[in-house]
>>> print(open('coords-v5.txt').read())   # compact mmCIF, C-alpha atoms and all ligand atoms
# COMPACT_ATOMS: atom_id res chain seq x y z
CA MET N 1 -31.28 75.29 -13.28
CA SER N 2 -31.07 76.54 -9.66
CA GLU N 3 -29.03 74.53 -7.14
CA PRO N 4 -31.09 72.45 -4.64
CA ARG N 5 -31.42 73.95 -1.16
CA PRO N 6 -28.86 72.71 1.38
CA ASP N 7 -30.04 70.26 4.05
CA ARG N 8 -30.42 71.94 7.43
CA TYR N 9 -28.86 70.78 10.70
CA GLY N 10 -28.25 72.50 14.02
CA VAL N 11 -27.30 72.30 17.68
CA VAL N 12 -29.81 73.16 20.43
CA GLY N 13 -28.61 74.43 23.80
CA ASN N 14 -28.91 77.25 26.28
CA PRO N 15 -26.58 79.10 26.24
CA ILE N 16 -25.46 78.34 22.67
CA ARG N 17 -23.75 81.45 21.31
CA HIS N 18 -20.20 80.19 21.92
CA SER N 19 -20.76 76.70 20.53
CA LEU N 20 -17.99 75.47 18.21
CA SER N 21 -20.32 72.92 16.58
CA PRO N 22 -21.40 75.14 13.63
CA ARG N 23 -17.73 75.72 12.75
CA ILE N 24 -16.87 72.01 13.13
CA HIS N 25 -19.76 70.85 10.91
CA ALA N 26 -19.00 73.54 8.31
CA LEU N 27 -15.44 72.16 8.10
CA PHE N 28 -16.77 68.57 7.83
CA ALA N 29 -19.21 69.60 5.06
CA GLU N 30 -16.47 71.40 3.14
CA GLN N 31 -14.10 68.44 3.45
CA THR N 32 -16.66 65.82 2.37
CA GLY N 33 -18.47 67.94 -0.25
CA GLN N 34 -21.82 67.66 1.56
CA HIS N 35 -24.41 70.32 0.73
CA LEU N 36 -25.70 71.41 4.16
CA THR N 37 -26.02 74.21 6.67
CA TYR N 38 -25.57 73.90 10.45
CA GLU N 39 -26.94 76.50 12.87
CA ALA N 40 -26.72 77.30 16.60
CA LEU N 41 -30.29 77.20 18.00
CA LEU N 42 -31.20 78.72 21.36
CA GLY N 43 -33.58 76.37 23.18
CA THR N 44 -36.13 77.63 25.71
CA PRO N 45 -36.27 75.77 29.04
CA GLY N 46 -39.70 74.15 29.40
CA GLN N 47 -40.38 74.23 25.65
CA PHE N 48 -37.77 71.81 24.33
CA ALA N 49 -40.20 69.23 22.87
CA GLU N 50 -42.36 71.80 21.06
CA GLU N 51 -39.30 73.55 19.66
CA VAL N 52 -37.72 70.32 18.43
CA TRP N 53 -40.91 69.34 16.58
CA ALA N 54 -41.15 72.83 15.09
CA TRP N 55 -37.54 72.66 13.85
CA PHE N 56 -38.04 69.25 12.26
CA SER N 57 -41.37 70.38 10.73
CA SER N 58 -39.66 73.40 9.23
CA GLY N 59 -37.19 71.15 7.40
CA PHE N 60 -34.29 70.35 9.75
CA ARG N 61 -32.82 66.91 8.98
CA GLY N 62 -30.96 66.44 12.26
CA LEU N 63 -30.18 68.14 15.56
CA ASN N 64 -27.40 67.95 18.08
CA VAL N 65 -28.41 68.60 21.67
CA THR N 66 -26.26 70.08 24.42
CA VAL N 67 -26.59 71.43 27.97
CA PRO N 68 -29.21 71.51 29.49
CA PHE N 69 -31.44 69.48 27.14
CA LYS N 70 -29.75 66.05 26.74
CA GLU N 71 -32.07 64.28 29.20
CA GLU N 72 -35.15 65.86 27.59
CA ALA N 73 -33.93 64.70 24.19
CA PHE N 74 -33.57 61.20 25.66
CA ALA N 75 -37.20 61.31 26.86
CA LEU N 76 -38.41 62.62 23.49
CA ALA N 77 -36.74 60.10 21.16
CA ARG N 78 -38.95 57.13 20.21
CA VAL N 79 -36.06 54.93 19.08
CA LEU N 80 -32.84 54.86 21.12
CA THR N 81 -29.47 53.29 20.39
CA ASP N 82 -28.09 50.97 23.05
CA ARG N 83 -25.41 53.49 24.03
CA ALA N 84 -28.00 56.30 24.36
CA ARG N 85 -30.16 54.09 26.59
CA ARG N 86 -27.13 53.35 28.79
CA ALA N 87 -26.11 57.01 28.89
CA GLY N 88 -29.64 58.17 29.76
CA ALA N 89 -28.98 61.15 27.53
CA VAL N 90 -29.18 61.97 23.82
CA ASN N 91 -26.95 64.41 21.91
CA THR N 92 -27.97 63.47 18.34
CA LEU N 93 -31.51 63.42 16.91
CA TRP N 94 -32.86 62.55 13.45
CA ARG N 95 -36.11 61.27 11.90
CA ASP N 96 -36.62 58.19 9.75
CA ASP N 97 -38.90 57.91 6.69
CA GLU N 98 -41.91 57.27 9.00
CA ARG N 99 -41.02 60.47 10.89
CA GLN N 100 -40.08 58.54 14.03
CA LEU N 101 -37.58 60.43 16.15
CA HIS N 102 -34.29 58.57 16.74
CA GLY N 103 -31.78 59.43 19.47
CA ASP N 104 -28.12 58.51 19.92
CA ASN N 105 -25.33 59.55 22.28
CA THR N 106 -21.96 60.00 20.59
CA ASP N 107 -20.09 61.52 23.56
CA GLY N 108 -18.62 58.23 24.82
CA ILE N 109 -17.39 57.04 21.43
CA GLY N 110 -16.05 60.56 20.78
CA PHE N 111 -14.05 60.40 24.00
CA CYS N 112 -12.65 56.93 23.18
CA ARG N 113 -11.66 57.99 19.63
CA ASP N 114 -9.75 60.94 21.09
CA LEU N 115 -8.12 58.62 23.61
CA ASP N 116 -6.96 56.46 20.66
CA ARG N 117 -5.53 59.53 18.94
CA LEU N 118 -3.55 60.32 22.10
CA GLY N 119 -2.37 56.73 22.53
CA GLY N 120 -4.22 56.42 25.86
CA GLU N 121 -4.33 52.73 26.75
CA VAL N 122 -7.29 51.39 28.74
CA PRO N 123 -7.13 47.54 28.71
CA GLY N 124 -5.60 46.31 31.97
CA ARG N 125 -5.01 49.87 33.21
CA ARG N 126 -6.15 51.84 36.26
CA VAL N 127 -8.71 54.53 35.39
CA LEU N 128 -10.11 57.30 37.60
CA ILE N 129 -13.12 59.38 36.55
CA LEU N 130 -13.81 62.53 38.54
CA GLY N 131 -17.51 63.46 38.40
CA ALA N 132 -20.74 61.50 38.21
CA GLY N 133 -22.95 63.65 35.98
CA GLY N 134 -24.30 63.09 32.49
CA ALA N 135 -20.88 63.13 30.86
CA THR N 136 -19.52 60.36 33.12
CA ARG N 137 -22.64 58.28 32.45
CA GLY N 138 -21.91 58.57 28.72
CA LEU N 139 -18.27 57.45 29.14
CA LEU N 140 -18.82 54.40 31.30
CA GLN N 141 -20.04 51.87 28.71
CA PRO N 142 -17.30 52.49 26.10
CA LEU N 143 -14.63 52.57 28.82
CA LEU N 144 -15.80 49.35 30.48
CA GLU N 145 -15.96 47.65 27.06
CA ARG N 146 -12.21 48.27 26.87
CA HIS N 147 -11.68 46.26 30.07
CA PRO N 148 -9.59 48.42 32.39
CA ALA N 149 -8.23 46.50 35.41
CA GLN N 150 -9.77 49.08 37.72
CA LEU N 151 -12.22 51.94 37.27
CA VAL N 152 -12.96 54.31 40.16
CA ILE N 153 -15.73 56.92 39.92
CA ALA N 154 -15.12 59.75 42.40
CA ASN N 155 -17.62 62.52 42.92
CA ARG N 156 -18.21 65.45 45.28
CA THR N 157 -21.56 63.83 46.10
CA ALA N 158 -20.41 60.26 46.72
CA SER N 159 -23.92 58.77 46.49
CA ARG N 160 -24.18 59.79 42.80
CA ALA N 161 -20.92 57.96 42.03
CA GLU N 162 -22.16 54.92 43.94
CA GLY N 163 -25.40 54.97 41.94
CA LEU N 164 -23.46 54.94 38.67
CA ALA N 165 -21.22 52.08 39.83
CA GLU N 166 -24.37 50.05 40.60
CA ASP N 167 -26.00 50.91 37.25
CA PHE N 168 -22.96 49.77 35.27
CA ALA N 169 -21.90 46.79 37.42
CA ASP N 170 -23.15 44.31 34.79
CA LEU N 171 -20.64 45.69 32.25
CA ALA N 172 -17.67 45.42 34.63
CA ILE N 173 -16.71 41.93 33.52
CA GLU N 174 -12.93 42.19 33.80
CA THR N 175 -12.90 45.43 35.79
CA GLU N 176 -12.90 46.21 39.48
CA LEU N 177 -15.52 49.00 39.46
CA SER N 178 -15.93 51.16 42.56
CA ALA N 179 -17.08 54.59 43.72
CA CYS N 180 -16.07 57.12 46.36
CA GLY N 181 -16.22 60.76 47.39
CA LEU N 182 -13.59 63.26 46.21
CA ASP N 183 -12.38 63.56 49.81
CA VAL N 184 -11.41 59.87 50.10
CA LEU N 185 -9.50 59.26 46.86
CA PRO N 186 -7.22 56.20 46.68
CA ALA N 187 -3.54 57.00 47.34
CA SER N 188 -1.95 54.97 44.51
CA PRO N 189 -1.55 56.47 41.02
CA PHE N 190 -3.83 55.92 38.01
CA ASP N 191 -2.81 55.48 34.36
CA LEU N 192 -5.72 57.61 33.13
CA VAL N 193 -7.37 60.40 35.14
CA VAL N 194 -10.43 61.97 33.51
CA ASN N 195 -11.92 65.19 34.83
CA ALA N 196 -15.62 64.98 33.97
CA THR N 197 -16.70 67.53 36.58
CA ALA N 198 -17.84 71.06 35.86
CA ALA N 199 -15.44 72.32 38.57
CA GLY N 200 -13.08 74.01 36.10
CA LEU N 201 -15.90 76.31 35.08
CA SER N 202 -16.35 77.56 38.66
CA ASP N 203 -13.88 79.27 40.98
CA ALA N 204 -13.61 76.23 43.23
CA GLY N 205 -10.74 73.86 42.44
CA LEU N 206 -10.80 70.12 43.00
CA ASN N 207 -7.95 70.06 45.55
CA LEU N 208 -6.52 66.76 44.29
CA PRO N 209 -3.45 64.98 45.77
CA ALA N 210 -0.35 64.72 43.54
CA THR N 211 -0.22 60.96 44.24
CA LEU N 212 -3.08 60.35 41.76
CA VAL N 213 -0.74 60.45 38.74
CA HIS N 214 2.66 59.08 37.69
CA PRO N 215 4.89 60.47 34.89
CA ASP N 216 3.29 58.26 32.22
CA SER N 217 -0.33 58.89 33.24
CA LEU N 218 -2.67 60.66 30.86
CA ALA N 219 -4.71 63.46 32.45
CA TYR N 220 -7.75 64.39 30.36
CA ASP N 221 -10.23 67.20 31.00
CA LEU N 222 -13.55 66.97 29.15
CA VAL N 223 -13.74 70.75 29.22
CA TYR N 224 -11.73 72.57 26.52
CA GLY N 225 -10.03 75.95 26.49
CA PRO N 226 -9.36 78.03 29.63
CA GLY N 227 -11.84 75.99 31.72
CA ALA N 228 -9.44 73.02 31.54
CA ALA N 229 -6.37 74.97 32.68
CA ARG N 230 -6.68 74.44 36.42
CA PHE N 231 -6.94 70.63 36.23
CA LEU N 232 -4.27 70.27 33.54
CA ASP N 233 -1.89 72.61 35.46
CA TRP N 234 -2.43 70.47 38.57
CA ALA N 235 -1.59 67.31 36.57
CA ARG N 236 1.62 68.78 35.11
CA ALA N 237 2.69 70.07 38.54
CA ALA N 238 2.10 66.56 39.91
CA GLY N 239 4.57 65.19 37.33
CA CYS N 240 2.18 63.92 34.67
CA GLN N 241 3.72 64.42 31.21
CA GLN N 242 0.67 63.88 29.03
CA THR N 243 -2.35 66.12 29.31
CA ALA N 244 -5.28 66.89 26.99
CA ASP N 245 -8.38 69.04 27.01
CA GLY N 246 -11.76 68.01 25.55
CA LEU N 247 -11.53 69.70 22.15
CA GLY N 248 -10.60 66.43 20.47
CA MET N 249 -13.62 64.72 22.06
CA LEU N 250 -15.86 67.55 20.84
CA VAL N 251 -14.65 67.07 17.27
CA GLU N 252 -14.93 63.27 17.45
CA GLN N 253 -18.48 63.24 18.87
CA ALA N 254 -19.46 65.69 16.12
CA ALA N 255 -17.89 63.44 13.45
CA GLU N 256 -19.93 60.49 14.70
CA ALA N 257 -23.16 62.55 14.49
CA PHE N 258 -22.19 63.72 11.00
CA ALA N 259 -21.67 60.08 9.95
CA ILE N 260 -25.09 59.08 11.31
CA TRP N 261 -26.81 61.83 9.33
CA ARG N 262 -24.76 61.80 6.11
CA GLY N 263 -23.37 58.25 5.89
CA ILE N 264 -19.79 59.53 5.59
CA HIS N 265 -17.21 59.83 8.38
CA PRO N 266 -15.07 62.96 8.05
CA ASP N 267 -11.32 62.98 8.69
CA THR N 268 -11.14 64.61 12.12
CA ALA N 269 -7.37 65.34 12.32
CA PRO N 270 -7.31 68.36 9.94
CA VAL N 271 -10.45 69.78 11.57
CA LEU N 272 -8.92 69.54 15.05
CA ARG N 273 -5.71 71.18 13.75
CA GLN N 274 -7.71 73.99 12.17
CA LEU N 275 -9.69 74.66 15.37
CA ARG N 276 -6.51 74.76 17.47
CA HIS N 277 -5.02 77.17 14.96
CA GLU N 278 -8.12 79.42 15.04
CA ASN N 279 -8.23 79.31 18.86
CA ASP N 280 -4.52 80.16 19.15
CA ALA N 281 -4.98 83.07 16.74
CA ALA N 282 -8.00 84.42 18.64
P1 LIG X 301 -23.43 67.59 35.03
O1 LIG X 301 -24.32 66.46 34.69
O2 LIG X 301 -24.01 68.89 35.43
O3 LIG X 301 -22.44 67.08 36.20
C1 LIG X 301 -21.54 67.96 36.77
C2 LIG X 301 -20.53 67.17 37.61
O4 LIG X 301 -19.53 68.09 38.06
C3 LIG X 301 -21.13 66.50 38.84
O5 LIG X 301 -20.45 65.30 39.07
C4 LIG X 301 -20.83 67.53 39.94
O6 LIG X 301 -20.75 66.97 41.23
C5 LIG X 301 -19.47 68.01 39.50
N1 LIG X 301 -19.12 69.35 40.00
C6 LIG X 301 -19.67 70.53 39.63
N2 LIG X 301 -19.05 71.55 40.27
C7 LIG X 301 -18.10 70.98 41.07
C8 LIG X 301 -17.14 71.51 42.00
N3 LIG X 301 -17.02 72.83 42.21
N4 LIG X 301 -16.31 70.64 42.61
C9 LIG X 301 -16.42 69.31 42.39
N5 LIG X 301 -17.31 68.75 41.53
C10 LIG X 301 -18.14 69.58 40.88
O7 LIG X 301 -22.44 67.94 33.81
P2 LIG X 301 -21.95 66.92 32.66
O8 LIG X 301 -22.93 66.92 31.56
O9 LIG X 301 -21.58 65.63 33.31
O10 LIG X 301 -20.64 67.66 32.10
C11 LIG X 301 -19.44 67.72 32.86
C12 LIG X 301 -18.41 68.54 32.07
O11 LIG X 301 -18.03 67.85 30.87
C13 LIG X 301 -18.97 69.89 31.63
O12 LIG X 301 -18.01 70.87 31.93
C14 LIG X 301 -19.17 69.75 30.13
O13 LIG X 301 -18.96 70.97 29.45
C15 LIG X 301 -18.08 68.73 29.75
N6 LIG X 301 -18.42 67.96 28.53
C16 LIG X 301 -17.56 68.04 27.46
C17 LIG X 301 -17.84 67.33 26.29
C18 LIG X 301 -16.90 67.41 25.10
O14 LIG X 301 -17.30 67.02 23.98
N7 LIG X 301 -15.68 67.85 25.27
C19 LIG X 301 -18.99 66.51 26.22
C20 LIG X 301 -19.83 66.44 27.34
C21 LIG X 301 -19.53 67.18 28.49
P3 LIG X 301 -22.06 66.78 42.16
O15 LIG X 301 -22.75 65.54 41.67
O16 LIG X 301 -21.52 66.66 43.53
O17 LIG X 301 -22.91 68.02 41.95
>>> encode(input="coords-v5.txt", output="structure tokens")
Amino acid sequence: MSEPRPDRYGVVGNPIRHSLSPRIHALFAEQTGQHLTYEALLGTPGQFAEEVWAWFSSGFRGLNVTVPFKEEAFALARVLTDRARRAGAVNTLWRDDERQLHGDNTDGIGFCRDLDRLGGEVPGRRVLILGAGGATRGLLQPLLERHPAQLVIANRTASRAEGLAEDFADLAIETELSACGLDVLPASPFDLVVNATAAGLSDAGLNLPATLVHPDSLAYDLVYGPGAARFLDWARAAGCQQTADGLGMLVEQAAEAFAIWRGIHPDTAPVLRQLRHENDAA
């Protein structure tokens, strides 16, 4: 008797060629014994909805969504999780038995799981998030649910940070939540500094003062690989002993999507180790 065909999954983005998601999900599938394939799918700007329906019609069971389609995926999903609604963006899509499209956002929980792995404490601590784009929006609910004493959102365009602080004010129950421009950052140090800007990917640096961190702060860049170097080098030069790039978050958000689709949560530690090993060898 021939083996049943594997279930199909994929990640849609543009560009997508360098995505690590196919490798991550292949490692999850191998570890958990799940019979599936996971492909990188190049989305066409302006045709996202049509392409998503075509992929599901052709047999895909679930899709991850990355830049620049997360907001379009949010608009397309008929049923949203609470965290996706708060984030205003969707990175995980699947259909139920009635073919209704569901959308979730696993970025925030992925970030918090990686923070746990690193021992990054949030309750009662001072947290600074640099950036006010889609990624920051996804982090705010899970971070505020951990009740930091203070959370400052700082962005190049201050009005975007202020808008986010207003949108999430109802969740800041035990937290002093505020917003500012990158040029007027507070002088006293933070326990956790998160770079959620895309600045590392451009030539322009953030020009941050060394007073933002102390030796026991954790400096975390959502970007992984060489794009994180500038921010993490700044943090180390400023005396911060613990730094991390966003590879752990990438693996954790993928694990959460895998669990939604397959009902089994993979062990992320060996997958993260394997990816670091492959990256170092490259
Ligand atoms: P986005 O919505 O495009 O927002 C970009 C943010 O970066 C904005 O706040 C923007 O400020 C700021 N920015 C861009 N260039 C800058 C510069 N030269 N100097 C200062 N600020 C600058 O992007 P996003 O979706 O939030 O993603 C942000 C980063 O997180 C990306 O690099 C993405 O790859 C990464 N990310 C990683 C993961 C992971 O799993 N590791 C998940 C999600 C996102 P303005 O508002 O002033 O333009």
>>> closest_residue(input="coords-v5.txt", among="N:Val223, N:Ala172, N:Ala149, N:Leu139", to="ligand LIG 301 (chain X)", atoms="all atoms listed in the file")
N:Val223
>>> residues_near_ligand(input="coords-v5.txt", ligand="ligand LIG 301 (chain X)", cutoff="6 Å", atoms="all atoms listed in the file", output="PyMOL selection string")
chain N and resi 107+131-136+155-157+196-199+202+204+206+222-223+246-247+249-250
>>> residues_around(input="coords-v5.txt", residues="Trp234 in chain N", least_positions_apart="5", cutoff="10 Å", atoms="only C-alpha atoms", output="MDAnalysis selection string")
chainID N and resid 205:210 219 229 239:240
>>> residues_near_point(input="coords-v5.txt", point="(2.8, 69.7, 34.4)", cutoff="12 Å", atoms="all atoms listed in the file", output="PyMOL selection string")
chain N and resi 210+213-219+229-244
>>> residues_near_point(input="coords-v5.txt", point="(-33.9, 73.1, 4.7)", cutoff="8 Å", atoms="all atoms listed in the file", output="list in words")
Arg5, Pro6, Asp7, Arg8, Ser58, Gly59, Phe60 and Arg61 of chain N
>>> closest_residue(input="coords-v5.txt", among="N:Ala29, N:Ile260, N:Leu42, N:Leu192", to="Gly119 in chain N", atoms="all atoms listed in the file")
N:Leu192
>>> atom_distance(input="coords-v5.txt", atom1="CA of Glu50 in chain N", atom2="CA of Val79 in chain N")
18.1 Å
>>> residues_around(input="coords-v5.txt", residues="Gly248 in chain N", least_positions_apart="2", cutoff="9 Å", atoms="all atoms listed in the file", output="ChimeraX atom specification")
/N:110-111,113-115,117,224,244-246,250-253,268-269,272
>>> write_last_selection(input="coords-v5.txt", atoms="C-alpha atoms", output="PDB file, keeping the file's coordinate frame")
ATOM      1  CA  GLY N 110     -16.050  60.560  20.780  1.00  0.00           C
ATOM      2  CA  PHE N 111     -14.050  60.400  24.000  1.00  0.00           C
ATOM      3  CA  ARG N 113     -11.660  57.990  19.630  1.00  0.00           C
ATOM      4  CA  ASP N 114      -9.750  60.940  21.090  1.00  0.00           C
ATOM      5  CA  LEU N 115      -8.120  58.620  23.610  1.00  0.00           C
ATOM      6  CA  ARG N 117      -5.530  59.530  18.940  1.00  0.00           C
ATOM      7  CA  TYR N 224     -11.730  72.570  26.520  1.00  0.00           C
ATOM      8  CA  ALA N 244      -5.280  66.890  26.990  1.00  0.00           C
ATOM      9  CA  ASP N 245      -8.380  69.040  27.010  1.00  0.00           C
ATOM     10  CA  GLY N 246     -11.760  68.010  25.550  1.00  0.00           C
ATOM     11  CA  LEU N 250     -15.860  67.550  20.840  1.00  0.00           C
ATOM     12  CA  VAL N 251     -14.650  67.070  17.270  1.00  0.00           C
ATOM     13  CA  GLU N 252     -14.930  63.270  17.450  1.00  0.00           C
ATOM     14  CA  GLN N 253     -18.480  63.240  18.870  1.00  0.00           C
ATOM     15  CA  THR N 268     -11.140  64.610  12.120  1.00  0.00           C
ATOM     16  CA  ALA N 269      -7.370  65.340  12.320  1.00  0.00           C
ATOM     17  CA  LEU N 272      -8.920  69.540  15.050  1.00  0.00           C
TER      18      LEU N 272
END
>>> closest_residue(input="coords-v5.txt", among="N:Glu3, N:Asp116, N:Glu121, N:Glu166", to="Leu140 in chain N", atoms="only C-alpha atoms")
N:Glu166
>>> atom_distance(input="coords-v5.txt", atom1="CA of Glu39 in chain N", atom2="CA of Ile16 in chain N")
10.1 Å
>>> closest_residue(input="coords-v5.txt", among="N:Asp267, N:Glu72, N:Asp191, N:Asp104", to="Leu151 in chain N", atoms="all atoms listed in the file")
N:Asp191
>>> closest_residue(input="coords-v5.txt", among="N:Leu144, N:Leu118, N:Leu128, N:Thr175", to="Ala187 in chain N", atoms="only C-alpha atoms")
N:Leu128
>>> closest_residue(input="coords-v5.txt", among="N:Leu80, N:Ala254, N:Leu171, N:Ala54", to="Ser19 in chain N", atoms="only C-alpha atoms")
N:Ala254
>>> residues_around(input="coords-v5.txt", residues="range 88-97 of chain N", least_positions_apart="5", cutoff="6 Å", atoms="only C-alpha atoms", output="number ranges by chain")
N: 62-65, 70-71, 73-74, 102-105
>>> atom_distance(input="coords-v5.txt", atom1="CA of Thr44 in chain N", atom2="CA of Ser57 in chain N")
17.4 Å
>>> decode(input="coords-v5.txt", residues="range 137-156 of chain N", atoms="C-alpha atoms", output="compact mmCIF listing (two decimals), in the first residue's frame")
# COMPACT_ATOMS: atom_id res chain seq x y z
CA ARG N 137 2.44 46.00 18.24
CA GLY N 138 2.70 42.21 18.50
CA LEU N 139 4.91 42.37 21.62
CA LEU N 140 2.91 44.83 23.67
CA GLN N 141 0.07 42.62 24.93
CA PRO N 142 2.24 39.71 26.16
CA LEU N 143 4.74 42.14 27.71
CA LEU N 144 2.08 44.19 29.51
CA GLU N 145 0.47 40.97 30.79
CA ARG N 146 3.75 40.35 32.61
CA HIS N 147 3.37 43.65 34.49
CA PRO N 148 6.63 45.55 34.05
CA ALA N 149 6.92 48.58 36.36
CA GLN N 150 7.59 50.79 33.36
CA LEU N 151 7.36 50.33 29.60
CA VAL N 152 8.61 53.06 27.26
CA ILE N 153 8.00 52.85 23.49
CA ALA N 154 10.54 54.99 21.61
CA ASN N 155 10.34 55.51 17.88
CA ARG N 156 11.98 57.64 15.19
